[in-house]
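K.L.:
Okay, here's the structure, questions in a sec.
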Amino acid sequence: MKKTSSNSASMSIEDEIFFEKHLQHESSLSELYQDIESPTPSDTLDQSILSIARKASRKPLKQSTHWWQQPASWAASVAVFSLAALLSHQIWLTEQNISEQDFAPKEAIEAKQNIEPLSSPSDSIVPNHAKEKMHRRLSDKNDSRKLLFKSEPAPIIPAAQEHTLRSPLKTLSIEADQTHTQKSGMDEAEMDSEMDSIEITIQALPLREETVLTEKKEQDVRGHSSKANYSKAQSLHLDKIQLLIEQGKIDEAKELIQQFKIKYPEISVSPVILQHLSPY
Amino acid sequence: MEENATDEQLIQFYQKGDAEAFEVLYARYKSAIYHYFFRQVNSTGTADELHQDVWLNIIKSSAHFTQQSSFKTWLYKIAHNRLIDHYRQSSKQPLYLVKTDTQDNQADERTETEKTIDTSSSQSNEPEMSLQKQQISQLLLKAVHTLPEEQKEVFLLHEKSGLTLQEIALVTENSFESTKSRLRYAVKKLRHHMKLVLTL
């Protein structure tokens, strides 16, 4: 609103007194104005306003625009979240304790139970063709050596023991050689031939890596003793030749020398012995 | 209980869903608000519209009313803002912008008042004093109508709505001194208009 040009006439004392009375609603002007009949709104206008007010009061007036400021909803949301967290924790715990049998289908469990007796075929009820099939599967795919190696950590092998790094089949053949020699007391040539056959049969056998490794250790001990026996046999052989020469049995001594050369080609015969056998 | 409750208590009850509290409030202020609008715009239709708008605004924004301020001041501030919007929307210029020469108007009205007094005195023999009173009231209303808008608003708010000068200053967003000055000039003009009728 713009300011109007006010009356420039200065206020007289009478005007001031009149104004002071008017401020107290005691002036004749005030009385006259109060007597004037005031206009009032129509009844329809009153009813329309009041009906709107009644309708508005039925609706819950928003005390707060933010849901989280209301304590009830806050408490409810906290309860829901804590319940969800508890349930998820329990589910996690049960999942941790669950075994293969709890979730695997029945057929798979039964099949597994049927496979296990196949390792001892004598007490199996499964038909023969099924047995063979399962046995083939076991030998091909489920290699017991690998399973054992996975389930148990491999033994620590010292780097200095070079012989332990050899092929398990080879070491096993050495071991078989020595045991065979000790037990039967056969000739060296026979022993060699038998060694080959034993080695072939051993190669066909599926061996557990664990047993192979333990056998390696045993062979390390036995290897030293076999070398000693080998040199002992040489000296015995040579002593026998020496004895036959001394007894004058030259022909027999020659035969033994021939055998010695064949058996131990890498060892040279002493020239003293050869001098006795020479015709010149 | 609600009849004796303060305005602030009543609006609080209404905030909680008590529709009767609003009815009491409306009964208290409906005449004053309507009178405020009617004397300003001098039209029943426009006064109805402005009156309805103000009360609908009160209903809508009652939730936002804080108990720190007076309900009466809040109500009249809404009414004052609505009146300013009305003046802005309407192409009609306020009356005080048209009538700049107040001296001439005062002279014309004075003669009219004198005529009325003369008529009433000539009719003094007749027992119908109410008619004379009514004519004097009409003269006063005419004089109020000629007041500048600012002075008229202050006069109406002080006289009919019962607001103090501090409250009027709050509603109109003016200083206390300027409010008092406006009222002083308004009273002086009206007194001069009604000089022959009014006594000290």
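The way I read the labels, and the way they are meant: chains A, B, ... in the order of the structure tokens, residue 1 as the first residue of every chain, and ligand 1 as the first ligand shown, with later ones counted on from there.
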When you look at Phe18 of chain A with a cut-off of 10 Å (counting only C-alpha atoms), what residues show up, excluding the ones that are within fewer than 4 positions of it in the same chain? I need them as a list in words.

P.N.:
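My reading of the contact set: Ser12, Ile13, Glu14, His22, Leu23, Glu26, Ser27, Ser28 and Leu29 of chain A; Arg184, Val187, Lys188, Arg191, Thr199 and Leu200 of chain B.
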
K.L.:
Given the selection you just returned, output its residues as a file containing all heavy atoms, formatted as a short mmCIF file (atom, residue, chain, number, x, y, z; two decimals), in the first residue's frame.

P.N.:
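Saved the output as selection.cif:
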```cif
data_model
loop_
_atom_site.label_atom_id
_atom_site.label_comp_id
_atom_site.auth_asym_id
_atom_site.auth_seq_id
_atom_site.Cartn_x
_atom_site.Cartn_y
_atom_site.Cartn_z
N SER A 12 -4.16 19.92 17.06
CA SER A 12 -4.43 20.85 18.15
C SER A 12 -4.53 20.10 19.48
O SER A 12 -4.54 18.86 19.49
CB SER A 12 -5.74 21.59 17.88
OG SER A 12 -6.80 20.67 17.86
N ILE A 13 -4.62 20.85 20.56
CA ILE A 13 -4.72 20.22 21.89
C ILE A 13 -6.02 19.44 21.99
O ILE A 13 -6.07 18.35 22.56
CB ILE A 13 -4.63 21.29 23.00
CG1 ILE A 13 -3.26 22.00 22.90
CG2 ILE A 13 -4.78 20.67 24.38
CD1 ILE A 13 -3.18 23.25 23.74
N GLU A 14 -7.04 20.02 21.41
CA GLU A 14 -8.35 19.35 21.44
C GLU A 14 -8.29 18.01 20.72
O GLU A 14 -8.87 17.02 21.18
CB GLU A 14 -9.41 20.25 20.78
CG GLU A 14 -9.85 21.41 21.65
CD GLU A 14 -10.96 22.21 20.99
OE1 GLU A 14 -11.38 21.87 19.86
OE2 GLU A 14 -11.41 23.17 21.60
N HIS A 22 -10.11 8.47 22.49
CA HIS A 22 -10.46 7.45 21.48
C HIS A 22 -9.63 6.16 21.66
O HIS A 22 -10.14 5.05 21.46
CB HIS A 22 -10.26 8.02 20.07
CG HIS A 22 -10.67 7.08 19.00
ND1 HIS A 22 -12.00 6.92 18.64
CD2 HIS A 22 -9.96 6.23 18.21
CE1 HIS A 22 -12.08 6.02 17.68
NE2 HIS A 22 -10.84 5.59 17.40
N LEU A 23 -8.39 6.35 22.06
CA LEU A 23 -7.54 5.16 22.29
C LEU A 23 -8.12 4.28 23.40
O LEU A 23 -7.97 3.06 23.39
CB LEU A 23 -6.12 5.59 22.66
CG LEU A 23 -5.21 6.06 21.51
CD1 LEU A 23 -3.86 6.49 22.04
CD2 LEU A 23 -5.01 4.95 20.48
N GLU A 26 -13.29 5.65 24.54
CA GLU A 26 -14.20 6.47 25.36
C GLU A 26 -14.69 7.72 24.62
O GLU A 26 -15.46 8.52 25.19
CB GLU A 26 -13.50 6.88 26.66
CG GLU A 26 -13.26 5.70 27.59
CD GLU A 26 -12.39 6.08 28.77
OE1 GLU A 26 -11.93 7.25 28.83
OE2 GLU A 26 -12.16 5.21 29.61
N SER A 27 -14.24 7.89 23.41
CA SER A 27 -14.64 9.08 22.66
C SER A 27 -16.05 8.91 22.08
O SER A 27 -16.55 7.77 21.95
CB SER A 27 -13.65 9.37 21.53
OG SER A 27 -13.74 8.35 20.57
N SER A 28 -16.68 10.06 21.73
CA SER A 28 -18.01 10.01 21.12
C SER A 28 -17.96 9.33 19.74
O SER A 28 -18.91 8.66 19.34
CB SER A 28 -18.58 11.42 20.99
OG SER A 28 -17.66 12.24 20.27
N LEU A 29 -16.84 9.51 19.07
CA LEU A 29 -16.66 8.86 17.76
C LEU A 29 -16.67 7.32 17.92
O LEU A 29 -17.32 6.61 17.15
CB LEU A 29 -15.35 9.31 17.13
CG LEU A 29 -14.98 8.70 15.79
CD1 LEU A 29 -15.97 9.12 14.70
CD2 LEU A 29 -13.55 9.08 15.39
N ARG B 184 -4.09 8.33 14.57
CA ARG B 184 -4.31 9.72 15.00
C ARG B 184 -4.92 10.55 13.86
O ARG B 184 -5.91 11.26 14.06
CB ARG B 184 -2.99 10.32 15.46
CG ARG B 184 -3.13 11.75 15.95
CD ARG B 184 -1.81 12.37 16.33
NE ARG B 184 -1.36 11.92 17.63
CZ ARG B 184 -0.20 11.32 17.87
NH1 ARG B 184 0.63 11.07 16.87
NH2 ARG B 184 0.14 10.96 19.09
N VAL B 187 -8.56 9.50 13.12
CA VAL B 187 -9.50 10.00 14.12
C VAL B 187 -9.75 11.49 13.90
O VAL B 187 -10.90 11.98 13.99
CB VAL B 187 -8.98 9.71 15.54
CG1 VAL B 187 -9.80 10.46 16.60
CG2 VAL B 187 -9.02 8.21 15.82
N LYS B 188 -8.68 12.22 13.61
CA LYS B 188 -8.80 13.65 13.40
C LYS B 188 -9.72 13.96 12.20
O LYS B 188 -10.61 14.83 12.27
CB LYS B 188 -7.42 14.25 13.17
CG LYS B 188 -7.42 15.76 13.12
CD LYS B 188 -6.06 16.29 12.72
CE LYS B 188 -6.15 17.80 12.50
NZ LYS B 188 -4.88 18.35 12.00
N ARG B 191 -13.30 13.15 13.01
CA ARG B 191 -13.84 14.15 13.93
C ARG B 191 -14.24 15.41 13.19
O ARG B 191 -15.29 16.01 13.47
CB ARG B 191 -12.80 14.45 15.01
CG ARG B 191 -13.30 15.39 16.08
CD ARG B 191 -12.39 15.43 17.28
NE ARG B 191 -12.83 16.46 18.20
CZ ARG B 191 -12.28 17.68 18.29
NH1 ARG B 191 -11.26 18.01 17.53
NH2 ARG B 191 -12.76 18.57 19.15
N THR B 199 -19.20 15.45 20.04
CA THR B 199 -18.70 16.32 21.11
C THR B 199 -17.36 15.77 21.57
O THR B 199 -16.94 14.68 21.16
CB THR B 199 -19.68 16.34 22.29
OG1 THR B 199 -19.90 15.02 22.72
CG2 THR B 199 -20.98 17.02 21.87
N LEU B 200 -16.72 16.44 22.42
CA LEU B 200 -15.43 15.99 22.92
C LEU B 200 -15.62 14.79 23.87
O LEU B 200 -14.96 13.83 23.86
CB LEU B 200 -14.74 17.12 23.67
CG LEU B 200 -13.27 16.96 23.93
CD1 LEU B 200 -12.48 17.11 22.62
CD2 LEU B 200 -12.75 17.97 24.94
#
```

K.L.:
Which residues of chain A come within 7 Å of chain B, and for each one, what is the closest pair of atoms and their distance in Å to one decimal, counting only C-alpha atoms, sorted by chain and residue number, as a Markdown table?

P.N.:
```
| residue | atom | partner | partner_atom | distance |
| --- | --- | --- | --- | --- |
| A:Thr4 | CA | B:Pro148 | CA | 6.5 |
| A:Asp15 | CA | B:Lys188 | CA | 6.4 |
| A:Phe18 | CA | B:Leu200 | CA | 6.2 |
| A:Phe19 | CA | B:Arg184 | CA | 6.3 |
| A:Ser27 | CA | B:Leu200 | CA | 7.0 |
| A:Ser28 | CA | B:Leu198 | CA | 6.0 |
| A:Leu29 | CA | B:Leu198 | CA | 6.6 |
| A:Ser30 | CA | B:Glu159 | CA | 6.9 |
| A:Ile36 | CA | B:Ser137 | CA | 6.0 |
| A:Ser38 | CA | B:His35 | CA | 6.2 |
| A:Pro39 | CA | B:His35 | CA | 5.8 |
| A:Thr40 | CA | B:Ser31 | CA | 5.3 |
| A:Pro41 | CA | B:Tyr34 | CA | 6.4 |
| A:Ile49 | CA | B:Gln52 | CA | 6.8 |
| A:Leu50 | CA | B:Glu23 | CA | 6.7 |
| A:Ala53 | CA | B:Ile59 | CA | 6.1 |
| A:Arg54 | CA | B:Ala19 | CA | 5.2 |
| A:Ser57 | CA | B:Gly17 | CA | 4.6 |
| A:Arg58 | CA | B:Gly17 | CA | 6.3 |
| A:Leu61 | CA | B:Gln15 | CA | 6.6 |
| A:Lys62 | CA | B:Ala63 | CA | 6.9 |
| A:Gln63 | CA | B:Ala63 | CA | 6.9 |
```

K.L.:
Record the distance separating atom CA of Arg28 of chain B and atom CA of Glu3 of chain B, expressed in Å with one decimal.

P.N.:
9.8 Å

K.L.:
With a distance cut-off of 12 Å and only C-alpha atoms, select the neighbouring residues of Val269 of chain A, excluding the residue or stretch itself and same-chain residues fewer than 5 positions from it, and output the selection as a list in words.

P.N.:
Gln234, Ser235, His237, Leu238, Asp239, Ile241, Gln242, Lys254, Leu256, Ile257, Gln258, Gln259, Phe260, Lys261, Ile262, Lys263, Tyr264, Leu274, Gln275 and Leu277 of chain A

K.L.:
Between atom CA of Leu83 of chain B and atom CA of Val41 of chain B, what is the spacing in Å?

P.N.:
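A separation of 8.8 Å between them.
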
K.L.:
With distances taken over only C-alpha atoms, which residue among B:Leu131, B:Val24, B:Ala143, B:Ile11 lies nearest Leu75 of chain B?

P.N.:
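Of all the options, B:Ile11 lies closest to Leu75 of chain B.
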
K.L.:
Between B:Ser130, B:Gln89, B:Gln135, B:Thr172, single out the one closest to Val154 of chain B, counting only C-alpha atoms.

P.N.:
B:Thr172

K.L.:
When you count only C-alpha atoms, which of these residues is closest to Ser70 of chain B: B:His86, B:Gln9, B:Glu153, B:Ser175?

P.N.:
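Of all the options, B:Gln9 lies closest to Ser70 of chain B.
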